[in-house]
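Below: one structure, written as C-alpha cells.
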Amino acid sequence: MATANIKVTFQAELEKVWEVVTDLTNYQWRSDLAKIEVSEDGKSFIEYTKDGFATTFTITAFEPGKRYEFDMENQNMKGHWTGLFNVTPDGTEIDFTEDVTAKKALMKPFVGAYLKKQQKQYVEDLKGFLE
C-alpha cells in the first residue's frame with residue numbers, strides 16, 4: 001500500500017473551499033478530468049480522465065466543512081481518500097490523504113510517486129480556481 005498526504009493553506013473561506021472540492025457538477029477547473037457522472041442517490045460517482053480512464057468513488061463520510069471521505073477503485077488500484085478542512089488564521093487548510101493499493105504488481109513501485117503527482121496537480125488546479 002502507498003500513502004500520500006498533502007497539506008496546503010488557501011487564502012479563502014472554508015465554505016468556499018469546501019463547496020469547490022465537494023461540488024461534483026462543477027469540475028471544469030480540474031485539468032485532469034473530462035467528466036464526472038454522479039449516481040442517482042449522490043453517494044457515488046465516476047470520474048473520467050481526458051483519456052477516458054474511469055475511476056469509481058463511493059462516499060463514506062460527508063461532514064460539511066470538516067471531513068470528506070471516499071473509497072476509490074479502477075482497473076489499476078483501489079484505496080481510500082480522506083479530506084480534512086480546517087480554518088486557520090491565514091484562511092483554510094486542506095489535509096488530503098490517499099491510501100492506495102496497486103492491483104498489478106508491475107505498478108506497485110510507482111504508486112507513491114503517481115499519487116504525489118496527482119495531489120500536486122489537484123492543489124495547483126484548486127489554487128488557480130480559488131484565486
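Identifiers in this document derive from the order of the C-alpha cells: chains are assigned A, B, ..., residues are numbered from 1 separately in each chain, and ligands are numbered from 1 in order of occurrence.
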
For this session: Quick one: everything within 6 Å of Ala34 in chain A, counting only C-alpha atoms, minus sequence neighbours fewer than 2 positions away in the same chain. Send it as a list in words.
Result: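 These residues fall inside the cut-off: Tyr48, Thr49 and Lys50 of chain A.
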
Residues from the last selection, N, CA, C and O atoms, saved as a compact mmCIF listing (two decimals), in the first residue's frame:
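Contents of the output file part01.txt:
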```
# COMPACT_ATOMS: atom_id res chain seq x y z
N TYR A 48 -13.90 10.59 -15.11
CA TYR A 48 -13.26 10.17 -16.35
C TYR A 48 -12.14 11.15 -16.68
O TYR A 48 -12.38 12.36 -16.75
N THR A 49 -10.93 10.61 -16.88
CA THR A 49 -9.83 11.47 -17.27
C THR A 49 -10.03 11.91 -18.70
O THR A 49 -10.91 11.40 -19.41
N LYS A 50 -9.20 12.81 -19.16
CA LYS A 50 -9.31 13.28 -20.54
C LYS A 50 -8.99 12.17 -21.53
O LYS A 50 -9.36 12.24 -22.69
```

Exercise. DSSP says alpha helix (DSSP H) for which residues of range 68-124 of chain A? Put them as a list in words?
Worked result: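 Reading the DSSP output for range 68-124 of chain A, alpha helix (DSSP H) covers Val111, Gly112, Ala113, Tyr114, Leu115, Lys116, Lys117, Gln118, Gln119, Lys120, Gln121, Tyr122, Val123 and Glu124 of chain A.
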
Problem set entry | Separation of CA of Thr58 in chain A from CA of Thr22 in chain A in Å |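 According to the coordinates, CA of Thr22 in chain A and CA of Thr58 in chain A are separated by 12.9 Å.
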
Exercise. What are the DSSP strand (DSSP E) residues of range 9-96 of chain A, as a ChimeraX atom specification?
Worked result: /A:9-10,33-38,44-49,54-63,67-73,77-88,91-96

Exercise. Near range 79-93 of chain A, within 12 Å and counting only C-alpha atoms, which residues show up once chain neighbours fewer than 6 positions away are dropped, as an MDAnalysis selection string?
Worked result: chainID A and resid 1:19 21:22 55:73 99:103 111 115 119 123 127 130

Problem set entry | Spatial neighbours of Asp32 in chain A, 12 Å, only C-alpha atoms, chain gap at least 4 places, as a list of chain:residue names |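 Listed by chain and then number, they are A:Tyr27, A:Gln28, A:Ile36, A:Glu47, A:Tyr48, A:Thr49, A:Lys50, A:Asp51, A:Gly52, A:Phe53, A:Ala54, A:Lys117, A:Gln118, A:Gln119, A:Lys120, A:Gln121, A:Tyr122, A:Val123, A:Glu124, A:Asp125, A:Leu126.
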
Exercise. Given the choices A:Glu40, A:Tyr114, A:Phe45, A:Ala105, which gets closest to Asp23 in chain A if the distance is worked out from only C-alpha atoms?
Worked result: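 Closest to Asp23 in chain A, using only C-alpha atoms: A:Phe45.
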
For this session: Name the closest residue to Val20 in chain A among the candidates A:Lys104, A:Gly128, A:Ser44, A:Glu98; distances are taken between atoms, counting only C-alpha atoms.
Result: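 Using only C-alpha atoms, the shortest distance to Val20 in chain A belongs to A:Gly128.
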